[in-house]
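Source file: coords-v2.cif (mmCIF, C-alpha atoms and all ligand atoms)
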```cif
data_start
#
loop_
_atom_site.label_atom_id
_atom_site.label_comp_id
_atom_site.auth_asym_id
_atom_site.auth_seq_id
_atom_site.Cartn_x
_atom_site.Cartn_y
_atom_site.Cartn_z
CA MET A 1 7.01 -61.34 -11.47
CA THR A 2 6.86 -60.63 -7.76
CA SER A 3 9.33 -58.05 -6.63
CA ARG A 4 12.14 -58.71 -4.20
CA ASN A 5 10.70 -55.90 -2.02
CA HIS A 6 7.43 -57.77 -1.80
CA GLN A 7 9.13 -61.10 -1.01
CA LEU A 8 11.24 -59.54 1.71
CA PHE A 9 8.24 -57.88 3.28
CA GLU A 10 6.24 -61.13 3.22
CA GLN A 11 9.07 -63.02 4.90
CA SER A 12 9.87 -60.26 7.38
CA GLN A 13 6.31 -60.27 8.64
CA GLN A 14 6.83 -63.86 9.76
CA PHE A 15 9.80 -63.06 11.93
CA ILE A 16 9.48 -59.37 12.84
CA PRO A 17 6.24 -57.85 14.18
CA GLY A 18 4.69 -56.01 11.25
CA GLY A 19 7.85 -56.80 9.28
CA VAL A 20 9.62 -53.70 10.60
CA ASN A 21 11.78 -52.61 13.52
CA SER A 22 10.05 -49.26 13.96
CA PRO A 23 6.35 -48.84 13.19
CA VAL A 24 6.37 -45.81 10.86
CA ARG A 25 8.49 -47.84 8.43
CA ALA A 26 5.53 -50.13 7.74
CA PHE A 27 3.73 -47.54 5.52
CA ARG A 28 0.51 -48.00 7.50
CA SER A 29 -0.19 -44.27 7.32
CA VAL A 30 0.10 -44.07 3.53
CA GLY A 31 -0.96 -47.61 2.69
CA GLY A 32 0.87 -50.10 0.51
CA GLU A 33 4.04 -52.00 1.28
CA PRO A 34 7.30 -50.58 2.62
CA VAL A 35 10.34 -50.36 0.38
CA PHE A 36 13.38 -52.39 1.45
CA PHE A 37 16.71 -50.68 0.85
CA GLN A 38 20.07 -52.18 0.06
CA ARG A 39 22.43 -49.29 -0.60
CA GLY A 40 22.73 -45.52 -0.43
CA GLU A 41 25.07 -42.89 -1.81
CA GLY A 42 24.73 -39.14 -1.42
CA ALA A 43 21.16 -38.00 -2.05
CA TYR A 44 20.12 -41.40 -3.47
CA PHE A 45 19.33 -44.86 -2.24
CA TRP A 46 18.43 -48.09 -4.01
CA ASP A 47 15.74 -50.59 -3.10
CA ALA A 48 15.86 -54.37 -3.15
CA ASP A 49 14.71 -54.36 -6.79
CA GLY A 50 17.48 -51.96 -7.78
CA LYS A 51 15.26 -48.93 -8.26
CA SER A 52 16.81 -45.63 -7.16
CA TYR A 53 15.14 -42.86 -5.18
CA ILE A 54 16.04 -39.32 -4.19
CA ASP A 55 15.87 -39.50 -0.41
CA TYR A 56 14.08 -36.74 1.53
CA VAL A 57 13.96 -38.75 4.75
CA GLY A 58 17.67 -39.22 5.42
CA SER A 59 17.01 -41.99 7.97
CA TRP A 60 14.62 -39.53 9.68
CA GLY A 61 17.23 -36.83 10.10
CA PRO A 62 20.72 -38.15 10.79
CA LEU A 63 21.99 -38.13 7.20
CA ILE A 64 22.72 -34.42 6.89
CA LEU A 65 25.74 -35.32 4.71
CA GLY A 66 23.75 -37.78 2.62
CA HIS A 67 24.25 -41.55 2.48
CA ALA A 68 27.67 -43.07 3.07
CA HIS A 69 29.66 -39.84 3.07
CA PRO A 70 33.25 -40.96 2.30
CA GLU A 71 34.79 -39.09 5.25
CA VAL A 72 32.27 -40.50 7.70
CA VAL A 73 32.67 -44.03 6.34
CA GLN A 74 36.43 -43.72 6.55
CA ALA A 75 36.26 -42.51 10.16
CA VAL A 76 34.01 -45.45 11.05
CA GLN A 77 36.32 -47.94 9.36
CA ALA A 78 39.37 -46.53 11.10
CA ALA A 79 37.65 -46.63 14.50
CA ALA A 80 36.29 -50.15 13.96
CA GLN A 81 39.74 -51.43 13.14
CA LYS A 82 40.97 -50.28 16.54
CA GLY A 83 38.21 -52.02 18.47
CA LEU A 84 34.42 -52.00 18.46
CA THR A 85 33.85 -51.25 22.13
CA PHE A 86 35.83 -51.06 25.36
CA GLY A 87 33.25 -50.35 28.07
CA ALA A 88 35.80 -47.90 29.42
CA PRO A 89 36.50 -44.24 28.64
CA THR A 90 38.21 -43.11 25.42
CA GLU A 91 39.78 -39.87 24.21
CA ALA A 92 37.22 -39.60 21.39
CA GLU A 93 34.41 -39.27 23.96
CA LEU A 94 36.24 -36.34 25.54
CA ASN A 95 36.66 -34.79 22.08
CA ILE A 96 33.00 -34.96 21.17
CA ALA A 97 31.88 -33.80 24.63
CA GLN A 98 34.19 -30.77 24.36
CA LEU A 99 32.93 -30.04 20.88
CA ILE A 100 29.25 -30.22 21.89
CA CYS A 101 29.92 -27.95 24.90
CA ARG A 102 31.77 -25.48 22.69
CA LEU A 103 29.08 -25.35 20.01
CA LEU A 104 26.17 -25.11 22.48
CA PRO A 105 26.85 -22.64 25.31
CA SER A 106 23.85 -23.94 27.30
CA ILE A 107 25.65 -27.28 27.69
CA GLU A 108 28.35 -27.30 30.36
CA GLN A 109 28.44 -31.06 30.71
CA VAL A 110 27.12 -33.79 28.50
CA ARG A 111 26.63 -37.53 28.69
CA LEU A 112 26.47 -39.83 25.67
CA VAL A 113 23.80 -42.49 25.22
CA SER A 114 22.66 -44.67 22.32
CA SER A 115 19.28 -43.31 21.24
CA GLY A 116 17.08 -40.25 21.45
CA THR A 117 14.62 -42.22 23.55
CA GLU A 118 17.33 -42.97 26.08
CA ALA A 119 18.41 -39.33 26.14
CA GLY A 120 14.85 -38.12 26.72
CA MET A 121 14.14 -40.68 29.41
CA SER A 122 17.40 -39.86 31.18
CA ALA A 123 16.80 -36.10 31.03
CA ILE A 124 13.34 -36.51 32.57
CA ARG A 125 14.67 -38.67 35.41
CA LEU A 126 17.49 -36.20 35.98
CA ALA A 127 15.10 -33.23 36.07
CA ARG A 128 12.92 -35.09 38.58
CA GLY A 129 15.92 -36.02 40.70
CA PHE A 130 17.30 -32.49 40.60
CA THR A 131 14.02 -30.78 41.54
CA GLY A 132 12.58 -33.48 43.79
CA ARG A 133 9.29 -33.05 41.87
CA SER A 134 7.29 -35.53 39.76
CA LYS A 135 5.11 -33.65 37.28
CA ILE A 136 6.24 -32.91 33.77
CA ILE A 137 4.71 -30.95 30.89
CA LYS A 138 4.81 -32.02 27.27
CA PHE A 139 2.96 -30.81 24.18
CA GLU A 140 0.51 -32.68 22.00
CA GLY A 141 2.15 -33.75 18.75
CA CYS A 142 5.71 -33.54 20.07
CA TYR A 143 7.59 -36.84 20.21
CA HIS A 144 10.42 -37.44 22.62
CA GLY A 145 11.00 -41.16 22.22
CA HIS A 146 8.97 -43.98 23.72
CA ASP A 147 9.66 -43.62 27.44
CA ASP A 148 6.55 -44.40 29.52
CA SER A 149 6.34 -40.85 30.91
CA LEU A 150 6.24 -39.42 27.40
CA LEU A 151 3.81 -41.78 25.66
CA VAL A 152 0.97 -39.67 26.92
CA LYS A 153 -1.91 -37.86 25.26
CA ALA A 154 -4.08 -35.09 26.60
CA GLY A 155 -6.75 -35.97 29.15
CA SER A 156 -10.41 -35.03 28.73
CA GLY A 157 -10.21 -31.41 29.92
CA ALA A 158 -7.75 -28.69 28.98
CA LEU A 159 -5.98 -28.82 32.31
CA THR A 160 -6.10 -32.46 33.26
CA PHE A 161 -3.34 -35.01 33.50
CA GLY A 162 -2.60 -37.16 30.53
CA ASN A 163 -3.67 -40.65 29.56
CA PRO A 164 -1.34 -43.31 28.18
CA SER A 165 -1.08 -43.17 24.38
CA SER A 166 0.20 -46.76 24.34
CA ALA A 167 -0.98 -49.94 25.99
CA GLY A 168 1.45 -51.03 28.65
CA VAL A 169 1.99 -47.57 30.11
CA PRO A 170 0.54 -47.49 33.66
CA ALA A 171 -2.09 -44.78 34.14
CA GLU A 172 -0.18 -43.75 37.29
CA THR A 173 2.91 -43.00 35.20
CA ALA A 174 0.99 -41.06 32.55
CA GLY A 175 -0.81 -39.26 35.36
CA HIS A 176 2.34 -37.31 36.20
CA THR A 177 2.44 -35.84 32.69
CA ILE A 178 0.44 -32.76 31.73
CA VAL A 179 -0.18 -32.47 27.98
CA LEU A 180 -0.69 -28.97 26.56
CA ASP A 181 -1.12 -27.45 23.10
CA TYR A 182 1.99 -26.41 21.19
CA ASN A 183 2.32 -22.65 20.69
CA ASP A 184 -0.41 -22.03 23.28
CA SER A 185 1.18 -19.50 25.61
CA ARG A 186 -1.97 -19.10 27.69
CA GLY A 187 -2.27 -22.83 28.32
CA ILE A 188 1.23 -22.98 29.68
CA GLU A 189 0.60 -19.95 31.90
CA GLU A 190 -2.51 -21.55 33.36
CA ALA A 191 -0.67 -24.82 33.99
CA PHE A 192 2.09 -23.03 35.87
CA ASN A 193 -0.47 -21.05 37.86
CA GLN A 194 -2.08 -24.27 38.94
CA TRP A 195 0.92 -26.53 39.52
CA GLY A 196 4.01 -24.33 39.25
CA LYS A 197 5.98 -25.63 42.23
CA ASP A 198 5.21 -29.27 41.40
CA ILE A 199 6.56 -29.16 37.87
CA ALA A 200 9.94 -30.85 37.48
CA ALA A 201 10.35 -30.17 33.79
CA VAL A 202 8.88 -28.92 30.58
CA ILE A 203 10.06 -30.88 27.53
CA VAL A 204 9.53 -29.39 24.10
CA GLU A 205 10.70 -29.70 20.52
CA PRO A 206 11.83 -26.11 19.85
CA VAL A 207 10.75 -26.68 16.25
CA ALA A 208 8.18 -29.46 16.22
CA GLY A 209 9.12 -32.10 13.65
CA ASN A 210 7.01 -35.07 14.65
CA MET A 211 3.62 -33.64 13.68
CA ASN A 212 4.86 -32.69 10.24
CA LEU A 213 6.73 -29.40 10.87
CA VAL A 214 5.33 -26.73 13.18
CA ALA A 215 7.48 -23.70 13.87
CA PRO A 216 7.37 -22.14 17.33
CA THR A 217 6.13 -18.62 17.92
CA ALA A 218 8.73 -16.43 19.63
CA ASP A 219 6.25 -15.77 22.41
CA PHE A 220 5.78 -19.48 23.12
CA LEU A 221 9.46 -20.31 23.65
CA ASN A 222 10.08 -17.11 25.61
CA LYS A 223 7.15 -17.87 27.89
CA LEU A 224 8.41 -21.40 28.53
CA ARG A 225 11.80 -20.04 29.50
CA MET A 226 10.35 -17.39 31.78
CA LEU A 227 7.85 -19.66 33.54
CA CYS A 228 10.40 -22.44 34.11
CA THR A 229 12.86 -19.96 35.61
CA GLN A 230 10.19 -18.51 37.92
CA ALA A 231 8.97 -21.91 39.11
CA GLY A 232 12.39 -23.55 39.36
CA SER A 233 11.39 -26.12 36.73
CA VAL A 234 13.90 -27.58 34.29
CA LEU A 235 13.39 -26.50 30.66
CA ILE A 236 14.38 -29.38 28.39
CA PHE A 237 14.82 -28.69 24.70
CA ASP A 238 14.47 -31.87 22.70
CA GLU A 239 16.87 -31.13 19.87
CA VAL A 240 17.18 -34.75 18.77
CA MET A 241 15.82 -33.67 15.39
CA THR A 242 16.68 -29.96 15.28
CA GLY A 243 20.18 -30.34 16.74
CA PHE A 244 22.76 -29.51 14.03
CA ARG A 245 19.89 -29.75 11.56
CA VAL A 246 18.47 -26.22 11.68
CA GLY A 247 21.90 -24.63 12.17
CA LEU A 248 25.26 -25.02 13.89
CA THR A 249 23.88 -23.51 17.11
CA CYS A 250 20.74 -25.67 16.85
CA ALA A 251 17.23 -24.31 17.51
CA GLN A 252 18.37 -22.74 20.79
CA GLY A 253 20.79 -20.56 18.86
CA LEU A 254 18.27 -19.79 16.15
CA TYR A 255 15.63 -18.61 18.62
CA GLN A 256 18.09 -17.32 21.24
CA ILE A 257 16.71 -19.29 24.17
CA LYS A 258 18.92 -21.06 26.68
CA PRO A 259 17.39 -24.32 27.91
CA ASP A 260 18.54 -25.96 31.16
CA LEU A 261 18.96 -29.35 29.52
CA THR A 262 19.17 -30.35 25.87
CA ILE A 263 18.78 -33.76 24.33
CA LEU A 264 20.54 -34.54 21.08
CA GLY A 265 20.60 -37.48 18.68
CA LYS A 266 20.22 -38.13 14.95
CA VAL A 267 22.82 -35.79 13.33
CA ILE A 268 25.30 -36.05 16.23
CA GLY A 269 25.62 -39.78 15.58
CA GLY A 270 26.22 -39.30 11.85
CA GLY A 271 24.04 -42.35 11.10
CA MET A 272 25.30 -44.51 13.98
CA PRO A 273 23.34 -45.14 17.20
CA MET A 274 24.44 -42.25 19.36
CA ALA A 275 22.59 -39.54 21.28
CA ALA A 276 23.33 -37.29 24.23
CA PHE A 277 21.84 -35.20 26.99
CA GLY A 278 23.55 -32.26 28.61
CA GLY A 279 23.16 -28.83 30.12
CA ARG A 280 23.71 -26.93 33.33
CA ARG A 281 26.59 -28.25 35.39
CA ASP A 282 24.64 -28.14 38.68
CA ILE A 283 21.96 -30.34 37.15
CA MET A 284 24.31 -32.73 35.34
CA GLN A 285 26.29 -33.27 38.53
CA CYS A 286 23.26 -34.94 40.08
CA LEU A 287 24.06 -37.95 37.87
CA ALA A 288 25.82 -41.06 39.18
CA PRO A 289 28.66 -41.41 40.08
CA LEU A 290 28.60 -37.82 41.44
CA GLY A 291 24.98 -37.66 42.50
CA PRO A 292 21.92 -39.75 43.33
CA VAL A 293 20.32 -40.00 39.85
CA TYR A 294 21.23 -43.31 38.25
CA GLN A 295 21.90 -43.59 34.53
CA ALA A 296 24.25 -45.91 32.61
CA GLY A 297 24.91 -47.68 29.32
CA THR A 298 27.12 -50.60 28.22
CA LEU A 299 27.61 -49.14 24.74
CA SER A 300 27.33 -45.44 25.69
CA GLY A 301 30.00 -43.42 23.92
CA ASN A 302 30.71 -46.35 21.61
CA PRO A 303 33.96 -45.55 19.76
CA VAL A 304 32.63 -46.36 16.30
CA ALA A 305 29.50 -44.24 16.80
CA VAL A 306 31.54 -41.40 18.28
CA ALA A 307 33.87 -41.50 15.27
CA ALA A 308 30.89 -41.11 12.91
CA GLY A 309 29.60 -38.25 15.03
CA LEU A 310 32.92 -36.44 15.15
CA ALA A 311 33.43 -36.78 11.39
CA THR A 312 29.93 -35.42 10.78
CA LEU A 313 30.27 -32.52 13.20
CA LYS A 314 33.61 -31.61 11.62
CA LEU A 315 32.08 -31.29 8.16
CA VAL A 316 29.03 -29.31 9.22
CA GLN A 317 31.32 -26.67 10.73
CA GLU A 318 32.70 -25.79 7.31
CA GLN A 319 32.10 -22.20 6.26
CA GLY A 320 28.68 -21.69 4.70
CA PHE A 321 27.46 -25.25 5.29
CA TYR A 322 24.17 -24.31 6.92
CA GLU A 323 23.51 -21.29 4.68
CA GLN A 324 23.76 -23.56 1.67
CA LEU A 325 21.65 -26.30 3.25
CA ALA A 326 18.96 -23.81 4.30
CA ASN A 327 18.92 -22.23 0.82
CA ARG A 328 18.65 -25.61 -0.85
CA THR A 329 15.80 -26.64 1.44
CA GLN A 330 13.99 -23.34 0.86
CA GLN A 331 14.42 -23.82 -2.91
CA LEU A 332 12.83 -27.26 -2.64
CA VAL A 333 9.88 -25.86 -0.75
CA ASN A 334 9.45 -22.90 -3.11
CA GLY A 335 9.59 -25.14 -6.17
CA LEU A 336 6.96 -27.56 -4.85
CA VAL A 337 4.66 -24.69 -3.86
CA ALA A 338 5.09 -23.14 -7.33
CA GLU A 339 4.12 -26.40 -9.04
CA ALA A 340 1.02 -26.80 -6.86
CA LYS A 341 0.03 -23.19 -7.45
CA LYS A 342 0.03 -23.65 -11.23
CA HIS A 343 -2.79 -26.13 -10.77
CA ALA A 344 -4.59 -24.35 -7.93
CA ILE A 345 -4.02 -27.16 -5.44
CA ASP A 346 -4.41 -26.42 -1.73
CA PHE A 347 -0.80 -26.94 -0.78
CA CYS A 348 1.78 -25.05 1.22
CA ALA A 349 5.20 -25.73 2.66
CA GLN A 350 7.91 -24.25 4.84
CA SER A 351 11.46 -24.98 5.92
CA VAL A 352 13.67 -24.29 8.91
CA GLY A 353 17.34 -24.87 8.11
CA GLY A 354 17.64 -28.35 6.59
CA MET A 355 14.17 -29.58 7.58
CA PHE A 356 10.86 -28.93 5.88
CA GLY A 357 7.13 -29.55 6.04
CA ILE A 358 4.67 -29.95 3.17
CA TYR A 359 0.95 -29.58 3.85
CA PHE A 360 -2.11 -30.26 1.73
CA ARG A 361 -3.89 -27.28 3.22
CA LYS A 362 -4.25 -23.58 2.33
CA ASP A 363 -2.16 -22.08 5.15
CA ILE A 364 0.83 -23.19 7.11
CA PRO A 365 -0.33 -24.85 10.34
CA THR A 366 0.77 -23.46 13.70
CA SER A 367 -0.79 -26.06 15.99
CA PHE A 368 -1.41 -29.78 16.23
CA ALA A 369 -5.12 -29.19 15.54
CA GLU A 370 -4.30 -27.36 12.31
CA VAL A 371 -1.88 -30.06 11.21
CA MET A 372 -4.68 -32.57 11.70
CA GLN A 373 -6.79 -30.58 9.22
CA CYS A 374 -4.37 -31.33 6.37
CA ASP A 375 -5.82 -33.48 3.58
CA LYS A 376 -4.29 -36.82 4.42
CA ASN A 377 -5.72 -38.56 1.37
CA ALA A 378 -4.17 -35.95 -0.90
CA PHE A 379 -0.81 -36.43 0.81
CA ASN A 380 -1.02 -40.20 0.47
CA ARG A 381 -1.79 -39.91 -3.22
CA PHE A 382 1.11 -37.48 -3.69
CA PHE A 383 3.43 -39.74 -1.68
CA HIS A 384 2.72 -42.83 -3.79
CA ALA A 385 2.91 -40.93 -7.07
CA MET A 386 6.28 -39.43 -6.08
CA LEU A 387 7.50 -42.84 -4.91
CA GLU A 388 6.66 -44.19 -8.35
CA GLU A 389 8.74 -41.37 -9.84
CA GLY A 390 11.70 -42.30 -7.63
CA ILE A 391 11.29 -39.56 -5.03
CA TYR A 392 11.10 -40.78 -1.44
CA PHE A 393 9.24 -38.56 1.02
CA ALA A 394 8.41 -39.62 4.58
CA PRO A 395 5.68 -42.27 4.44
CA SER A 396 3.28 -40.21 6.57
CA ALA A 397 1.56 -36.84 6.27
CA PHE A 398 2.64 -36.12 9.83
CA GLU A 399 6.42 -36.24 9.57
CA ALA A 400 8.97 -33.58 8.65
CA GLY A 401 11.27 -33.96 5.65
CA PHE A 402 15.03 -33.55 5.37
CA VAL A 403 17.52 -32.32 2.81
CA SER A 404 21.22 -33.24 2.85
CA SER A 405 24.29 -31.39 1.66
CA ARG A 406 24.39 -33.84 -1.25
CA HIS A 407 21.05 -32.71 -2.67
CA GLY A 408 21.98 -30.40 -5.55
CA ASN A 409 20.18 -28.63 -8.39
CA ASP A 410 19.95 -31.85 -10.34
CA GLU A 411 18.01 -33.58 -7.57
CA LEU A 412 15.77 -30.57 -6.99
CA ASN A 413 14.96 -30.29 -10.69
CA LYS A 414 14.08 -33.98 -10.90
CA THR A 415 11.81 -33.49 -7.89
CA PHE A 416 10.06 -30.49 -9.47
CA ALA A 417 9.60 -32.35 -12.75
CA ALA A 418 7.99 -35.26 -10.91
CA ALA A 419 5.73 -32.88 -8.94
CA GLU A 420 4.72 -31.11 -12.15
CA LYS A 421 3.75 -34.38 -13.78
CA ILE A 422 1.68 -35.40 -10.76
CA PHE A 423 -0.05 -32.07 -10.14
CA LYS A 424 -0.89 -31.66 -13.83
CA ASN A 425 -3.24 -34.63 -13.61
CA TRP A 426 -4.35 -33.95 -10.06
CA GLN A 427 -8.11 -33.27 -10.39
C1 LIG B 1 13.72 -39.15 16.72
C2 LIG B 1 13.35 -38.36 17.88
C3 LIG B 1 13.46 -38.87 19.19
C4 LIG B 1 13.77 -40.31 19.48
O1 LIG B 1 15.04 -40.68 19.05
P1 LIG B 1 15.34 -42.24 18.81
O2 LIG B 1 16.79 -42.27 18.51
O3 LIG B 1 14.45 -42.67 17.69
O4 LIG B 1 15.01 -42.95 20.08
C5 LIG B 1 13.22 -38.02 20.24
N1 LIG B 1 12.89 -36.74 20.04
C6 LIG B 1 12.76 -36.22 18.81
C7 LIG B 1 12.40 -34.79 18.65
C8 LIG B 1 12.96 -37.01 17.70
O5 LIG B 1 12.77 -36.50 16.48
#
```

Would you kindly transcribe this structure into structure tokens?
Ligand SMILES: *Cc1c(COP(=O)(O)O)cnc(C)c1O
Amino acid sequence: MTSRNHQLFEQSQQFIPGGVNSPVRAFRSVGGEPVFFQRGEGAYFWDADGKSYIDYVGSWGPLILGHAHPEVVQAVQAAAQKGLTFGAPTEAELNIAQLICRLLPSIEQVRLVSSGTEAGMSAIRLARGFTGRSKIIKFEGCYHGHDDSLLVKAGSGALTFGNPSSAGVPAETAGHTIVLDYNDSRGIEEAFNQWGKDIAAVIVEPVAGNMNLVAPTADFLNKLRMLCTQAGSVLIFDEVMTGFRVGLTCAQGLYQIKPDLTILGKVIGGGMPMAAFGGRRDIMQCLAPLGPVYQAGTLSGNPVAVAAGLATLKLVQEQGFYEQLANRTQQLVNGLVAEAKKHAIDFCAQSVGGMFGIYFRKDIPTSFAEVMQCDKNAFNRFFHAMLEEGIYFAPSAFEAGFVSSRHGNDELNKTFAAAEKIFKNWQ
């Protein structure tokens, strides 16, 4: 009997490139066919064949309250009933803007958009417009959405301009982007020595979550802040993933660094397409209609998306929410490491708030190069074996994982039991 998953994938490939609407979903990194989902509730979701999985992807981060949280669903239903979109301002947009500004002191003004990509692209244009400069710095392994300026990989030398990492990105565009190594304080110093006054912005994931998980060193983030201040460059924290995921004050609160601009997405939309960029008032006021930097969106601040975001941000503010989430995530990581240790497997893991990384490697990686040394084949084997057991990890060795407030002891224990079974027969 062919499975419904398989049928759907076959048919989708006829009408959708690769059968998916975002490439990582296609399972190319781990091999095999993607799973099609039909329903989710709490920590679980069900595929097209009715099989259930414990979900450690959470739609790549947004689902901090798990699937279909009743209060979020209710807020969405209530908003939808009053109208799907107006293309004109609403009180709910004011409410969420005020809330974001209150929770993140670095943000004095904020504008809502529909995706993290849009937020990143807009923040870069704004930083360029504000400074009158063109060059930007990003770090290898960090992902900031698929804007042309940011689909760039390192050039041939350490201090050369980047090359496009995608066809279709003009070399001239990529040529304005300098790509440096994450956590390399010296590299960033050298770049500022060479180009300081030409650098419009540095964009960074304050905890890197798109090359598996790489935590920042304190020195690295401090140096970025100091050098940007000295050179008059805009420091952009990409908190699309870390925002309201690693804590209520986001990564900037956790590491006590105040960026000039922040981009947000994922959790702030509560599962709906919403993202934001915000920061210093003097910078934000360069945006149209006040200033010369153009940026707009037909569905920006969409009332249904804002309702999901507000409902989510209300619940995460409850006393102890992040302590519990961080503890749960740490427990997951500890349990997996303990199972691997029993069988002497080269495996380690770490968590920051509600996000985690697992690595088939002896030590926790601190750079892109070290992440690349992880045993990808071992991960892929582990991934498929866990999938079989009904545990859904990200279908790539180079993505972070996520825990929701609906993952309890029961789910963790099932995960450990599955890991035990797999590691027992590992050799
Ligand atoms: C997901 C992500 C983005 C892109 O957001 P989209 O909504 O997928 O466009 C940007 N930056 C980071 C750090 C992300 O994790």

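For the atom pair formed by atom C3 of ligand LIG 1 (chain B) and atom CA of Ala311 of chain A, the distance is 21.5 Å, given to one decimal.
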
Residues within 10 Å of Phe192 of chain A, please, as a ChimeraX atom specification. Count all atoms listed in the file; anything in the same chain fewer than 4 positions from it doesn't count. /A:137,186-188,196-199,224,227-228,230-231,233

Just to be explicit: take each residue in the selection above, keep C-alpha atoms, and write the result as a compact mmCIF listing (two decimals), in the coordinates of the input.
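Below is the file that was written, out_17.txt:
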```
# COMPACT_ATOMS: atom_id res chain seq x y z
CA ILE A 137 4.71 -30.95 30.89
CA ARG A 186 -1.97 -19.10 27.69
CA GLY A 187 -2.27 -22.83 28.32
CA ILE A 188 1.23 -22.98 29.68
CA GLY A 196 4.01 -24.33 39.25
CA LYS A 197 5.98 -25.63 42.23
CA ASP A 198 5.21 -29.27 41.40
CA ILE A 199 6.56 -29.16 37.87
CA LEU A 224 8.41 -21.40 28.53
CA LEU A 227 7.85 -19.66 33.54
CA CYS A 228 10.40 -22.44 34.11
CA GLN A 230 10.19 -18.51 37.92
CA ALA A 231 8.97 -21.91 39.11
CA SER A 233 11.39 -26.12 36.73
```

Have a look at A:Asp238, A:Asp346, A:Glu91, A:Glu339 and name the one nearest to ligand LIG 1 (chain B); count only C-alpha atoms and all ligand atoms.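 Smallest distance to ligand LIG 1 (chain B) is found for A:Asp238.
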
Using all atoms listed in the file, which residues of the polymer chains come no farther than 9 Å from ligand LIG 1 (chain B)? I'd like the answer as a PyMOL selection string. chain A and resi 22+60-61+114-120+142-146+204-210+237-242+263-266+273-275

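Straight-line separation from atom CA of Glu172 of chain A to atom CA of Ile236 of chain A: 22.3 Å.
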
If you count all atoms listed in the file, which residues fall within 12 Å of Asp410 of chain A, apart from same-chain ones fewer than 2 positions away, as a PyMOL selection string? chain A and resi 43-44+54+328+332+406-408+412-417

So how many Å separate atom CA of Arg281 of chain A and atom CA of Gln109 of chain A, to one decimal? 5.8 Å

Just checking: using only C-alpha atoms, which residue out of A:Ala78, A:Ala92, A:Val214, A:Leu126 ends up closest to Phe368 of chain A?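 For Phe368 of chain A, the nearest of the candidates is A:Val214.
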
Using all atoms listed in the file, which residue out of A:Ala123, A:Leu325, A:Ala48, A:Ile96 lies closest to Leu310 of chain A?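 With all atoms listed in the file as the atom set, the closest residue is A:Ile96.
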
Which of these, A:Val20, A:Cys286, A:Val352, A:Ala418, has the shortest distance to Ala251 of chain A once you count only C-alpha atoms? A:Val352

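Residues in contact range of segment 383-385 of chain A, defined as at most 10 Å between only C-alpha atoms, with sequence neighbours fewer than 4 positions away removed, read Val30, Gly31, Gly32, Asn377, Ala378, Phe379, Glu389, Gly390, Ile391, Tyr392, Phe393, Ala394, Pro395, Ser396, Ala397, Ala418, Ala419, Lys421, Ile422 and Phe423 of chain A.
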
Which polymer residues have any atom within 7 Å of an atom of Ile64 of chain A, counting all atoms listed in the file, with same-chain residues fewer than 5 positions away left out, as an mmCIF file with C-alpha atoms, in the frame of the given file?
```
data_model
loop_
_atom_site.group_PDB
_atom_site.id
_atom_site.type_symbol
_atom_site.label_atom_id
_atom_site.label_comp_id
_atom_site.auth_asym_id
_atom_site.auth_seq_id
_atom_site.Cartn_x
_atom_site.Cartn_y
_atom_site.Cartn_z
ATOM 1 C CA VAL A 267 22.820 -35.790 13.330
ATOM 2 C CA VAL A 403 17.520 -32.320 2.810
ATOM 3 C CA SER A 404 21.220 -33.240 2.850
ATOM 4 C CA SER A 405 24.290 -31.390 1.660
#
```

Just checking: using only C-alpha atoms, which residue out of A:Ala88, A:Ala167, A:Met121, A:Ala200 ends up closest to Asp147 of chain A?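 Going through A:Ala88, A:Ala167, A:Met121, A:Ala200 one by one, the smallest distance to Asp147 of chain A is for A:Met121.
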
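Shortest separation to Lys258 of chain A among A:Val234, A:Val57, A:Met372, A:Cys348 occurs at residue A:Val234, atoms counted being only C-alpha atoms.
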
Counting all atoms listed in the file, note down every residue that has an atom within 8 Å of the point (10.5, -28.1, 0.6) (file coordinates), as a list in words.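 Collected hits near the coordinates: Thr329, Gln330, Gln331, Leu332, Val333, Asn334, Gly335, Leu336, Ala349, Gln350, Ser351, Phe356, Gly357, Ile358 and Gly401 of chain A.
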